[in-house]
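A.B. asks: Next up is a structure, given as structure tokens.
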There are 2 protein chains.
Amino acid sequence: MKKVSLKDIAQKVGVSTATVSYVLSNKKCRVGESTKQKIREIAKELNYQPNQIAKSLKSGKTFTFGLIVADISNPFFANIARVIEDEAAKHDYTVIFGSSDESAQKSWKLIQFLQNRQVDGFIIVPTENSEEQIEYLQKQNIPFVLLDRYFPQFTTNNVVINNYGAAFTMVSKLVQNRESNVGMIAYKNSLIHMKERIRGFEEATKKHHRFIEKISFAAIDQEIETAIENMLENKVEALFFATNTLAIAGLKVLQQKQIKIPNQLKMASFDESEAFDFFYSPISFIEQPIKNLGETAISLLMSEINSTQTGKTTKVLPAKCIERASSK
Amino acid sequence: MKKVSLKDIAQKVGVSTATVSYVLSNKKCRVGESTKQKIREIAKELNYQPNQIAKSLKSGKTFTFGLIVADISNPFFANIARVIEDEAAKHDYTVIFGSSDESAQKSWKLIQFLQNRQVDGFIIVPTENSEEQIEYLQKQNIPFVLLDRYFPQFTTNNVVINNYGAAFTMVSKLVQNRESNVGMIAYKNSLIHMKERIRGFEEATKKHHRFIEKISFAAIDQEIETAIENMLENKVEALFFATNTLAIAGLKVLQQKQIKIPNQLKMASFDESEAFDFFYSPISFIEQPIKNLGETAISLLMSEINSTQTGKTTKVLPAKCIERASSK
DNA sequence: CTGAAAGCGCTTACAG
DNA sequence: CTGAAAGCGCTTACAG
């Protein structure tokens with residue numbers, strides 16, 4: 001069954017494709033009512049589906065966004081993706097996604113891939129060392145919004161949270177009983193969001209003995225064990241994890257080593273995880289406003305695309321500290 | 001900065017767009033070496049990016065798949081999506097995704113949306129009452145693969161697991177100590193995967209007093225509490241959850257009611273969840289072969305698209321029961 | 001009120 | 001070895 005095109009309808013009705021196009025796209029009514037009726041009827045009968053590709057070629061718009069996240073299988077990004085999907089749909093946009101695995105190279109490839117597919121705009125969780133990609137997009141005048149992280153040296157649309165503030169507040173609460181040795185496990189990553197989380201930790205632990213371990217994203221499982229062991233050796237009494245992935249990996253090691261939380265070690269994490277609720281000692285975490293993040297990103301992107309804004313905007317959303325009373 | 005097209009290169013080099021097209025797409029070398037060189041050089045210099053939309057219009061291929069899952073923010077589907085993304089990329093395909101929320105109506109809308117965008121094929125986790133959508137795709141001759149569930153009355157490409165077998169094995173283990181009252185919490189859903197899970201449960205509990213509660217997907221939080229209360233009232237000693245989402249929701253209620261697992265109630269679940277590892281009593285679950293599911297789906301879809309297979313294939317993959325020794 | 005024609009950016013069969 | 005031309009399925013300015 002071949003796809004039916006405007007031409008098929010035009011032939012059947014006995015008018016030009018132009019007329020059909022006008023009617024079906026509801027342009028100013030330059031067409032007689034009876035012709036209109038007939039065209040609509042036949043279109044329905046043949047189950048006409050406009051070819052969006054042809055439309056796109058003509059209009060230069062694809063009504064498609066490219067979404068580049070670090071890893072779609074990470075719950076944080078999967079949840080963001082869901083919000084973005086729903087918001088995009090409200091504007092009749094579809095979303096093509098890709099995972100960068102925090103690799104600038106993969107991110108480059110994705111951007112080119114998606115650009116060739118003529119996406120109307122990007123929402124990007126940028127990786128380390130992807131500055132030239134951002135400059136490229138700027139030069140190409142392609143609308144985009146950076147999410148979760150950004151590069152302070154560039155003027156771009158950014159949607160982020162107050163990483164410093166959230167980390168500071170959470171860690172302050174974590175160490176309020178004045179544990180003397182405190183630790184943080186972070187990613188080996190120079191991006192602003194990580195730096196800010198670390199800065200928040202440091203600011204909140206000025207009077208403590210601090211230990212910071214940095215793990216590389218590509219080798220979490222191998223490196224986290226050593227990191228935890230170092231923490232234990234240093235008699236760390238309170239431990240802050242920079243992301244949920246790190247916290248989960250860390251918890252597994254701690255569990256294996258039969259460290260009692262919070263008796264032997266207090267802990268808190270950035271980002272949430274379903275697992276935190278079910279741990280024998282509920283774990284405090286920083287809740288990111290995922291819905292708000294996604295909505296804001298799409299809203300910025302839409303105004304960029306429709307040129308309803310001039311200049312770029314950075315939105316900093318608040319994050320919430322969810323404190324859990326440790327049972328026992 | 002306008003996008004550069006074949007024409008721009010052609011003009012700059014002083015040849016026709018046809019020649020440029022031939023060179024850049026590496027067609028049989030009908031072009032002189034020196035011209036070739038020059039064209040490649042200029043293309044690079046101008047950073048030529050082929051317009052995939054124009055290519056698609058000509059070729060009728062978009063190198064894009066449509067992926068329709070129940071909910072991309074559900075870890076099971078997010079993980080599947082990741083595998084599918086990677087596999088698709090190996091064939092130079094991109095993935096557009098959409099979430100149906102188990103609603104046939106949303107699924108319809110997504111299919112039309114994606115069809116208009118001329119996706120080359122679909123991977124679909126079908127919803128209840130979506131039979132006509134499947135028939136529609138068949139009639140349109142659009143390549144597609146059903147994932148996770150399927151309709152036995154249709155001859156389609158299906159990639160599923162042995163739901164009956166996995167449920168039977170797991171429940172058999174769960175009730176081996178001959179608890180007399182056993183329960184299952186499932187979705188109110190007539191799809192084959194759910195039926196098969198229930199059938200597995202029933203087959204394994206022939207000699208028990210059985211209680212089955214069915215929850216509607218759209219109102220889990222409201223209905224799960226009553227369901228659990230009914231189970232407790234019926235003095236159920238072992239409880240099987242049909243999915244991880246149900247298990248997590250159920251666990252929350254059980255925790256709230258301070259029911260001790262497994263002392264007061266033994267439990268097991270279909271699908272995994274990070275939370276299961278961290279619960280004070282590690283929870284047994286059925287692990288789906290997610291990587292294999294995604295790979296198989298793409299592989300089937302690719303052979304359908306390339307017409308390297310005639311007829312349709314149903315792949316049934318094995319699932320694994322992960323048993324956890326309950327710590328006390 | 002309606003049609004013929006050009007054009008979006010490619011590819012490719014055809015002609016030279 | 002290379003160019004002119006048609007065509008993929010639309011839209012829209014132009015002409016009648």
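In the structure tokens, chains take letters A, B, ... by order of appearance, with residues numbered from 1 within each chain and ligands from 1 in the order shown.
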Return chain A as a JSON list (two decimals) with C-alpha atoms, in the first residue's frame, after superposing it on chain B by a least-squares fit that covers all C-alpha atoms paired in order.

C.D. replies:
[["chain", "number", "residue", "atom", "x", "y", "z"],
["A", 1, "MET", "CA", 25.60, 31.87, 8.95],
["A", 2, "LYS", "CA", 23.54, 30.09, 6.32],
["A", 3, "LYS", "CA", 23.88, 26.38, 5.96],
["A", 4, "VAL", "CA", 26.09, 25.36, 3.08],
["A", 5, "SER", "CA", 24.56, 23.12, 0.45],
["A", 6, "LEU", "CA", 25.82, 21.12, -2.47],
["A", 7, "LYS", "CA", 25.15, 24.12, -4.64],
["A", 8, "ASP", "CA", 27.58, 26.28, -2.70],
["A", 9, "ILE", "CA", 30.34, 23.78, -3.15],
["A", 10, "ALA", "CA", 29.48, 23.30, -6.81],
["A", 11, "GLN", "CA", 29.66, 27.02, -7.47],
["A", 12, "LYS", "CA", 32.93, 27.44, -5.65],
["A", 13, "VAL", "CA", 34.56, 24.55, -7.46],
["A", 14, "GLY", "CA", 32.90, 25.32, -10.75],
["A", 15, "VAL", "CA", 31.17, 22.01, -11.37],
["A", 16, "SER", "CA", 27.58, 20.82, -11.20],
["A", 17, "THR", "CA", 25.87, 19.77, -8.01],
["A", 18, "ALA", "CA", 25.58, 16.34, -9.54],
["A", 19, "THR", "CA", 29.33, 15.95, -9.61],
["A", 20, "VAL", "CA", 29.66, 17.12, -6.04],
["A", 21, "SER", "CA", 27.00, 14.71, -4.96],
["A", 22, "TYR", "CA", 28.76, 11.82, -6.69],
["A", 23, "VAL", "CA", 32.08, 12.62, -5.10],
["A", 24, "LEU", "CA", 30.84, 13.20, -1.59],
["A", 25, "SER", "CA", 28.74, 10.07, -1.58],
["A", 26, "ASN", "CA", 31.65, 8.04, -2.90],
["A", 27, "LYS", "CA", 29.83, 6.72, -5.91],
["A", 28, "LYS", "CA", 31.76, 4.74, -8.52],
["A", 29, "CYS", "CA", 34.63, 6.97, -9.50],
["A", 30, "ARG", "CA", 33.36, 8.64, -12.62],
["A", 31, "VAL", "CA", 35.06, 11.85, -11.61],
["A", 32, "GLY", "CA", 38.65, 12.93, -12.23],
["A", 33, "GLU", "CA", 41.01, 12.72, -9.30],
["A", 34, "SER", "CA", 41.88, 16.40, -9.30],
["A", 35, "THR", "CA", 38.24, 17.47, -9.32],
["A", 36, "LYS", "CA", 37.56, 15.01, -6.55],
["A", 37, "GLN", "CA", 40.36, 16.42, -4.44],
["A", 38, "LYS", "CA", 39.18, 19.94, -4.94],
["A", 39, "ILE", "CA", 35.58, 19.14, -4.07],
["A", 40, "ARG", "CA", 36.56, 17.33, -0.91],
["A", 41, "GLU", "CA", 38.78, 20.20, 0.08],
["A", 42, "ILE", "CA", 36.14, 22.85, -0.38],
["A", 43, "ALA", "CA", 33.53, 20.71, 1.34],
["A", 44, "LYS", "CA", 35.76, 20.44, 4.35],
["A", 45, "GLU", "CA", 36.63, 24.11, 4.25],
["A", 46, "LEU", "CA", 32.98, 25.15, 4.21],
["A", 47, "ASN", "CA", 32.18, 22.47, 6.78],
["A", 48, "TYR", "CA", 29.55, 20.95, 4.55],
["A", 49, "GLN", "CA", 26.89, 18.99, 6.40],
["A", 50, "PRO", "CA", 24.55, 17.06, 4.14],
["A", 51, "ASN", "CA", 20.90, 17.81, 4.69],
["A", 52, "GLN", "CA", 19.49, 14.52, 5.81],
["A", 53, "ILE", "CA", 15.97, 15.78, 5.29],
["A", 54, "ALA", "CA", 16.56, 16.35, 1.59],
["A", 55, "LYS", "CA", 18.22, 12.96, 1.35],
["A", 56, "SER", "CA", 15.26, 11.40, 3.08],
["A", 57, "LEU", "CA", 12.75, 13.00, 0.80],
["A", 58, "LYS", "CA", 14.59, 11.61, -2.17],
["A", 59, "SER", "CA", 15.35, 8.20, -0.80],
["A", 60, "GLY", "CA", 12.26, 7.65, 1.27],
["A", 61, "LYS", "CA", 14.49, 6.61, 4.16],
["A", 62, "THR", "CA", 15.07, 8.68, 7.27],
["A", 63, "PHE", "CA", 17.41, 6.41, 9.18],
["A", 64, "THR", "CA", 15.24, 7.05, 12.18],
["A", 65, "PHE", "CA", 13.33, 4.64, 14.37],
["A", 66, "GLY", "CA", 10.30, 5.36, 16.45],
["A", 67, "LEU", "CA", 10.40, 3.86, 19.91],
["A", 68, "ILE", "CA", 7.16, 3.75, 21.83],
["A", 69, "VAL", "CA", 7.39, 2.61, 25.43],
["A", 70, "ALA", "CA", 4.96, 2.83, 28.30],
["A", 71, "ASP", "CA", 7.03, 5.39, 30.16],
["A", 72, "ILE", "CA", 10.59, 6.41, 29.47],
["A", 73, "SER", "CA", 11.06, 7.44, 33.09],
["A", 74, "ASN", "CA", 10.50, 3.85, 34.23],
["A", 75, "PRO", "CA", 13.97, 2.33, 34.71],
["A", 76, "PHE", "CA", 13.05, -0.80, 32.77],
["A", 77, "PHE", "CA", 12.17, 1.21, 29.68],
["A", 78, "ALA", "CA", 14.96, 3.72, 30.18],
["A", 79, "ASN", "CA", 17.44, 0.88, 30.18],
["A", 80, "ILE", "CA", 15.85, -0.67, 27.12],
["A", 81, "ALA", "CA", 15.97, 2.71, 25.42],
["A", 82, "ARG", "CA", 19.66, 2.99, 26.11],
["A", 83, "VAL", "CA", 20.39, -0.39, 24.55],
["A", 84, "ILE", "CA", 18.22, 0.42, 21.55],
["A", 85, "GLU", "CA", 19.94, 3.77, 21.14],
["A", 86, "ASP", "CA", 23.36, 2.13, 21.06],
["A", 87, "GLU", "CA", 22.30, -0.65, 18.72],
["A", 88, "ALA", "CA", 20.57, 1.76, 16.38],
["A", 89, "ALA", "CA", 23.66, 3.97, 16.29],
["A", 90, "LYS", "CA", 25.68, 1.02, 15.08],
["A", 91, "HIS", "CA", 23.50, 1.07, 11.97],
["A", 92, "ASP", "CA", 23.63, 4.88, 11.78],
["A", 93, "TYR", "CA", 20.09, 5.21, 12.96],
["A", 94, "THR", "CA", 18.70, 7.71, 15.43],
["A", 95, "VAL", "CA", 15.82, 7.07, 17.77],
["A", 96, "ILE", "CA", 12.75, 9.19, 18.37],
["A", 97, "PHE", "CA", 10.92, 8.10, 21.47],
["A", 98, "GLY", "CA", 7.53, 8.55, 23.00],
["A", 99, "SER", "CA", 5.71, 7.37, 26.11],
["A", 100, "SER", "CA", 2.23, 5.94, 25.81],
["A", 101, "ASP", "CA", 1.40, 5.82, 29.52],
["A", 102, "GLU", "CA", -0.35, 2.57, 28.66],
["A", 103, "SER", "CA", -2.99, 4.57, 26.84],
["A", 104, "ALA", "CA", -4.08, 3.32, 23.43],
["A", 105, "GLN", "CA", -5.07, 6.82, 22.49],
["A", 106, "LYS", "CA", -1.65, 8.27, 23.21],
["A", 107, "SER", "CA", -0.07, 5.39, 21.42],
["A", 108, "TRP", "CA", -2.18, 6.13, 18.33],
["A", 109, "LYS", "CA", -1.15, 9.72, 18.39],
["A", 110, "LEU", "CA", 2.50, 8.81, 18.69],
["A", 111, "ILE", "CA", 2.33, 6.37, 15.82],
["A", 112, "GLN", "CA", 0.76, 8.94, 13.54],
["A", 113, "PHE", "CA", 3.17, 11.60, 14.69],
["A", 114, "LEU", "CA", 6.14, 9.39, 14.00],
["A", 115, "GLN", "CA", 4.74, 8.05, 10.77],
["A", 116, "ASN", "CA", 4.39, 11.60, 9.48],
["A", 117, "ARG", "CA", 8.03, 12.01, 10.30],
["A", 118, "GLN", "CA", 8.62, 9.01, 8.08],
["A", 119, "VAL", "CA", 10.43, 6.84, 10.57],
["A", 120, "ASP", "CA", 11.76, 3.75, 8.86],
["A", 121, "GLY", "CA", 10.38, 1.45, 11.49],
["A", 122, "PHE", "CA", 8.92, 1.13, 14.95],
["A", 123, "ILE", "CA", 9.77, -0.66, 18.12],
["A", 124, "ILE", "CA", 6.60, -0.70, 20.14],
["A", 125, "VAL", "CA", 5.65, -1.78, 23.61],
["A", 126, "PRO", "CA", 1.98, -2.11, 22.76],
["A", 127, "THR", "CA", -0.79, -1.00, 25.07],
["A", 128, "GLU", "CA", -4.07, -2.65, 25.80],
["A", 129, "ASN", "CA", -6.65, -2.16, 23.05],
["A", 130, "SER", "CA", -4.08, -1.15, 20.47],
["A", 131, "GLU", "CA", -4.94, -4.01, 18.13],
["A", 132, "GLU", "CA", -6.19, -1.73, 15.40],
["A", 133, "GLN", "CA", -2.93, 0.18, 15.51],
["A", 134, "ILE", "CA", -1.05, -3.00, 14.85],
["A", 135, "GLU", "CA", -3.35, -3.89, 11.98],
["A", 136, "TYR", "CA", -2.90, -0.40, 10.62],
["A", 137, "LEU", "CA", 0.88, -0.72, 10.62],
["A", 138, "GLN", "CA", 0.60, -4.10, 8.96],
["A", 139, "LYS", "CA", -1.67, -2.71, 6.26],
["A", 140, "GLN", "CA", 0.70, 0.19, 5.69],
["A", 141, "ASN", "CA", 3.55, -2.24, 5.39],
["A", 142, "ILE", "CA", 5.58, -0.35, 7.94],
["A", 143, "PRO", "CA", 8.30, -2.44, 9.56],
["A", 144, "PHE", "CA", 7.83, -2.84, 13.27],
["A", 145, "VAL", "CA", 8.72, -5.06, 16.18],
["A", 146, "LEU", "CA", 6.62, -5.53, 19.28],
["A", 147, "LEU", "CA", 8.54, -5.59, 22.52],
["A", 148, "ASP", "CA", 7.70, -6.92, 25.97],
["A", 149, "ARG", "CA", 4.14, -7.78, 24.92],
["A", 150, "TYR", "CA", 2.37, -8.91, 21.81],
["A", 151, "PHE", "CA", -0.98, -10.02, 20.47],
["A", 152, "PRO", "CA", -1.13, -13.76, 19.92],
["A", 153, "GLN", "CA", -3.77, -13.37, 17.22],
["A", 154, "PHE", "CA", -1.42, -11.40, 14.97],
["A", 155, "THR", "CA", 1.61, -12.58, 13.07],
["A", 156, "THR", "CA", 4.13, -9.92, 13.93],
["A", 157, "ASN", "CA", 7.77, -9.62, 14.91],
["A", 158, "ASN", "CA", 7.85, -10.03, 18.65],
["A", 159, "VAL", "CA", 10.59, -9.90, 21.22],
["A", 160, "VAL", "CA", 9.41, -11.08, 24.59],
["A", 161, "ILE", "CA", 10.46, -13.14, 27.54],
["A", 162, "ASN", "CA", 8.95, -16.29, 28.89],
["A", 163, "ASN", "CA", 6.70, -14.58, 31.40],
["A", 164, "TYR", "CA", 4.89, -17.71, 32.37],
["A", 165, "GLY", "CA", 8.02, -19.69, 33.01],
["A", 166, "ALA", "CA", 9.77, -16.97, 34.97],
["A", 167, "ALA", "CA", 6.76, -16.30, 37.14],
["A", 168, "PHE", "CA", 6.22, -20.00, 37.72],
["A", 169, "THR", "CA", 9.82, -20.63, 38.77],
["A", 170, "MET", "CA", 10.02, -17.61, 41.03],
["A", 171, "VAL", "CA", 6.70, -18.23, 42.74],
["A", 172, "SER", "CA", 7.51, -21.90, 43.17],
["A", 173, "LYS", "CA", 10.62, -20.93, 45.06],
["A", 174, "LEU", "CA", 8.75, -18.31, 47.02],
["A", 175, "VAL", "CA", 6.19, -20.76, 48.34],
["A", 176, "GLN", "CA", 8.39, -23.76, 48.77],
["A", 177, "ASN", "CA", 7.93, -23.74, 52.50],
["A", 178, "ARG", "CA", 4.28, -24.35, 51.85],
["A", 179, "GLU", "CA", 2.81, -21.16, 53.14],
["A", 180, "SER", "CA", -0.86, -21.75, 52.83],
["A", 181, "ASN", "CA", -2.02, -18.25, 51.89],
["A", 182, "VAL", "CA", -0.28, -16.61, 48.96],
["A", 183, "GLY", "CA", -0.98, -13.46, 47.01],
["A", 184, "MET", "CA", -0.11, -11.67, 43.83],
["A", 185, "ILE", "CA", -0.44, -8.02, 42.98],
["A", 186, "ALA", "CA", -0.76, -7.41, 39.26],
["A", 187, "TYR", "CA", -2.00, -4.79, 36.86],
["A", 188, "LYS", "CA", -5.57, -4.68, 35.70],
["A", 189, "ASN", "CA", -4.48, -5.44, 32.18],
["A", 190, "SER", "CA", -5.50, -8.02, 29.64],
["A", 191, "LEU", "CA", -2.22, -8.03, 27.76],
["A", 192, "ILE", "CA", -0.47, -11.30, 27.30],
["A", 193, "HIS", "CA", 2.56, -10.56, 29.44],
["A", 194, "MET", "CA", 0.40, -9.88, 32.45],
["A", 195, "LYS", "CA", -1.84, -12.86, 31.81],
["A", 196, "GLU", "CA", 1.18, -15.09, 31.54],
["A", 197, "ARG", "CA", 2.68, -13.83, 34.75],
["A", 198, "ILE", "CA", -0.58, -14.49, 36.52],
["A", 199, "ARG", "CA", -0.85, -17.91, 34.94],
["A", 200, "GLY", "CA", 2.65, -18.72, 36.17],
["A", 201, "PHE", "CA", 1.67, -17.66, 39.65],
["A", 202, "GLU", "CA", -1.47, -19.74, 39.59],
["A", 203, "GLU", "CA", 0.27, -22.80, 38.27],
["A", 204, "ALA", "CA", 2.83, -22.58, 41.05],
["A", 205, "THR", "CA", 0.26, -22.14, 43.78],
["A", 206, "LYS", "CA", -2.29, -24.78, 42.92],
["A", 207, "LYS", "CA", -2.37, -26.15, 46.42],
["A", 208, "HIS", "CA", -2.56, -22.81, 48.17],
["A", 209, "HIS", "CA", -5.20, -20.32, 49.04],
["A", 210, "ARG", "CA", -4.64, -17.70, 46.40],
["A", 211, "PHE", "CA", -5.43, -14.03, 46.44],
["A", 212, "ILE", "CA", -4.93, -11.83, 43.41],
["A", 213, "GLU", "CA", -5.36, -8.08, 43.45],
["A", 214, "LYS", "CA", -5.38, -6.09, 40.23],
["A", 215, "ILE", "CA", -4.33, -2.48, 40.18],
["A", 216, "SER", "CA", -4.97, -0.01, 37.40],
["A", 217, "PHE", "CA", -1.85, 1.59, 35.97],
["A", 218, "ALA", "CA", -3.27, 5.07, 36.21],
["A", 219, "ALA", "CA", -4.00, 4.89, 39.94],
["A", 220, "ILE", "CA", -1.29, 2.80, 41.50],
["A", 221, "ASP", "CA", -0.81, 4.88, 44.61],
["A", 222, "GLN", "CA", -4.49, 4.97, 45.44],
["A", 223, "GLU", "CA", -5.20, 1.31, 44.79],
["A", 224, "ILE", "CA", -2.08, -0.35, 46.11],
["A", 225, "GLU", "CA", -2.85, 0.45, 49.72],
["A", 226, "THR", "CA", -6.23, -1.25, 49.64],
["A", 227, "ALA", "CA", -4.70, -4.17, 47.78],
["A", 228, "ILE", "CA", -2.04, -4.63, 50.43],
["A", 229, "GLU", "CA", -4.58, -4.30, 53.20],
["A", 230, "ASN", "CA", -6.68, -7.00, 51.63],
["A", 231, "MET", "CA", -3.65, -9.23, 51.46],
["A", 232, "LEU", "CA", -2.91, -8.68, 55.12],
["A", 233, "GLU", "CA", -6.50, -9.29, 56.09],
["A", 234, "ASN", "CA", -6.41, -12.55, 54.23],
["A", 235, "LYS", "CA", -3.30, -13.50, 56.16],
["A", 236, "VAL", "CA", -1.20, -13.85, 53.08],
["A", 237, "GLU", "CA", 2.25, -15.16, 53.94],
["A", 238, "ALA", "CA", 3.96, -14.81, 50.58],
["A", 239, "LEU", "CA", 3.40, -12.04, 48.09],
["A", 240, "PHE", "CA", 4.44, -11.81, 44.44],
["A", 241, "PHE", "CA", 4.50, -8.50, 42.57],
["A", 242, "ALA", "CA", 3.98, -8.49, 38.81],
["A", 243, "THR", "CA", 6.34, -5.56, 38.12],
["A", 244, "ASN", "CA", 8.99, -3.50, 39.84],
["A", 245, "THR", "CA", 6.76, -0.42, 39.93],
["A", 246, "LEU", "CA", 4.13, -2.37, 41.82],
["A", 247, "ALA", "CA", 6.73, -3.86, 44.12],
["A", 248, "ILE", "CA", 8.18, -0.48, 45.01],
["A", 249, "ALA", "CA", 4.75, 1.01, 45.63],
["A", 250, "GLY", "CA", 3.80, -2.04, 47.66],
["A", 251, "LEU", "CA", 6.99, -2.00, 49.70],
["A", 252, "LYS", "CA", 6.31, 1.58, 50.68],
["A", 253, "VAL", "CA", 2.94, 0.62, 52.07],
["A", 254, "LEU", "CA", 4.34, -2.45, 53.81],
["A", 255, "GLN", "CA", 7.09, -0.36, 55.35],
["A", 256, "GLN", "CA", 4.59, 2.16, 56.56],
["A", 257, "LYS", "CA", 2.55, -0.57, 58.14],
["A", 258, "GLN", "CA", 5.73, -1.90, 59.72],
["A", 259, "ILE", "CA", 5.30, -5.35, 58.30],
["A", 260, "LYS", "CA", 8.53, -7.27, 58.70],
["A", 261, "ILE", "CA", 9.92, -8.90, 55.59],
["A", 262, "PRO", "CA", 10.30, -11.83, 55.39],
["A", 263, "ASN", "CA", 9.22, -12.75, 58.92],
["A", 264, "GLN", "CA", 5.65, -11.62, 58.60],
["A", 265, "LEU", "CA", 5.54, -11.70, 54.81],
["A", 266, "LYS", "CA", 7.80, -13.18, 52.19],
["A", 267, "MET", "CA", 7.97, -11.39, 48.89],
["A", 268, "ALA", "CA", 9.39, -11.47, 45.38],
["A", 269, "SER", "CA", 8.99, -9.33, 42.30],
["A", 270, "PHE", "CA", 9.09, -9.39, 38.56],
["A", 271, "ASP", "CA", 11.74, -6.96, 37.22],
["A", 272, "GLU", "CA", 14.55, -5.54, 39.23],
["A", 273, "SER", "CA", 15.02, -2.31, 41.10],
["A", 274, "GLU", "CA", 18.03, -0.71, 42.65],
["A", 275, "ALA", "CA", 16.03, -0.47, 45.85],
["A", 276, "PHE", "CA", 15.84, -4.25, 46.21],
["A", 277, "ASP", "CA", 19.54, -4.41, 46.99],
["A", 278, "PHE", "CA", 19.28, -1.99, 49.83],
["A", 279, "PHE", "CA", 16.19, -3.17, 51.56],
["A", 280, "TYR", "CA", 17.01, -4.62, 54.96],
["A", 281, "SER", "CA", 15.91, -7.96, 53.62],
["A", 282, "PRO", "CA", 17.21, -8.28, 50.06],
["A", 283, "ILE", "CA", 14.35, -9.08, 47.75],
["A", 284, "SER", "CA", 14.29, -11.85, 45.17],
["A", 285, "PHE", "CA", 13.35, -10.76, 41.68],
["A", 286, "ILE", "CA", 13.14, -11.82, 38.07],
["A", 287, "GLU", "CA", 15.83, -10.23, 35.98],
["A", 288, "GLN", "CA", 14.90, -9.48, 32.40],
["A", 289, "PRO", "CA", 17.64, -9.75, 29.77],
["A", 290, "ILE", "CA", 17.41, -6.09, 28.87],
["A", 291, "LYS", "CA", 20.48, -5.95, 26.69],
["A", 292, "ASN", "CA", 19.40, -8.99, 24.77],
["A", 293, "LEU", "CA", 15.86, -7.68, 24.40],
["A", 294, "GLY", "CA", 17.03, -4.41, 22.89],
["A", 295, "GLU", "CA", 19.60, -6.02, 20.64],
["A", 296, "THR", "CA", 17.17, -8.59, 19.36],
["A", 297, "ALA", "CA", 14.52, -5.97, 18.67],
["A", 298, "ILE", "CA", 16.90, -3.86, 16.59],
["A", 299, "SER", "CA", 18.27, -6.86, 14.82],
["A", 300, "LEU", "CA", 14.79, -8.04, 13.84],
["A", 301, "LEU", "CA", 13.81, -4.57, 12.77],
["A", 302, "MET", "CA", 16.92, -4.20, 10.66],
["A", 303, "SER", "CA", 16.32, -7.44, 8.83],
["A", 304, "GLU", "CA", 12.72, -6.46, 8.26],
["A", 305, "ILE", "CA", 13.80, -3.11, 6.84],
["A", 306, "ASN", "CA", 16.44, -4.65, 4.64],
["A", 307, "SER", "CA", 14.03, -7.40, 3.64],
["A", 308, "THR", "CA", 16.61, -9.99, 4.54],
["A", 309, "GLN", "CA", 13.87, -11.99, 6.16],
["A", 310, "THR", "CA", 10.54, -13.07, 4.88],
["A", 311, "GLY", "CA", 7.79, -13.74, 7.31],
["A", 312, "LYS", "CA", 7.71, -12.67, 10.92],
["A", 313, "THR", "CA", 9.69, -13.89, 13.87],
["A", 314, "THR", "CA", 8.86, -14.25, 17.53],
["A", 315, "LYS", "CA", 11.83, -14.39, 19.86],
["A", 316, "VAL", "CA", 11.23, -15.60, 23.36],
["A", 317, "LEU", "CA", 14.17, -14.86, 25.62],
["A", 318, "PRO", "CA", 14.78, -16.48, 28.99],
["A", 319, "ALA", "CA", 14.55, -14.46, 32.17],
["A", 320, "LYS", "CA", 16.58, -15.20, 35.26],
["A", 321, "CYS", "CA", 15.37, -15.68, 38.80],
["A", 322, "ILE", "CA", 17.67, -13.87, 41.20],
["A", 323, "GLU", "CA", 17.18, -15.35, 44.62],
["A", 324, "ARG", "CA", 18.24, -13.47, 47.67],
["A", 325, "ALA", "CA", 18.93, -15.05, 50.97],
["A", 326, "SER", "CA", 16.90, -13.03, 53.39],
["A", 327, "SER", "CA", 19.23, -11.70, 56.03],
["A", 328, "LYS", "CA", 18.07, -13.04, 59.34]]

A.B. asks: Please determine the contact residues of chain D with respect to chain A at a cut-off of 12 Å, counting only C-alpha atoms (C1' of nucleotides), and supply them as a PyMOL selection string.

C.D. replies: chain D and resi 8-13

A.B. asks: Please report the interatomic distance between C1' of DT2 in chain C and C1' of DC14 in chain D in Å with one decimal.

C.D. replies: 12.3 Å

A.B. asks: Range 33-170 of chain B: which residues are strand (DSSP E or B) by DSSP, as number ranges by chain?

C.D. replies: B: 64-69, 94-99, 121-124, 144-147, 157-161

A.B. asks: Enumerate as a VMD selection string all residues of range 180-210 of chain B assigned to alpha helix (DSSP H) by DSSP on the backbone, naming them with the chain letters and numbers the document uses.

C.D. replies: chain B and resid 192 to 204

A.B. asks: So that I can see what lies close to DA15 in chain D, please list as a list in words the residues with an atom at most 12 Å from it, counting only C-alpha atoms (C1' of nucleotides) and leaving out residues fewer than 3 positions away in the same chain.

C.D. replies: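 Result of the neighbour search: DT2, DG3, DA4 and DA5 of chain C.
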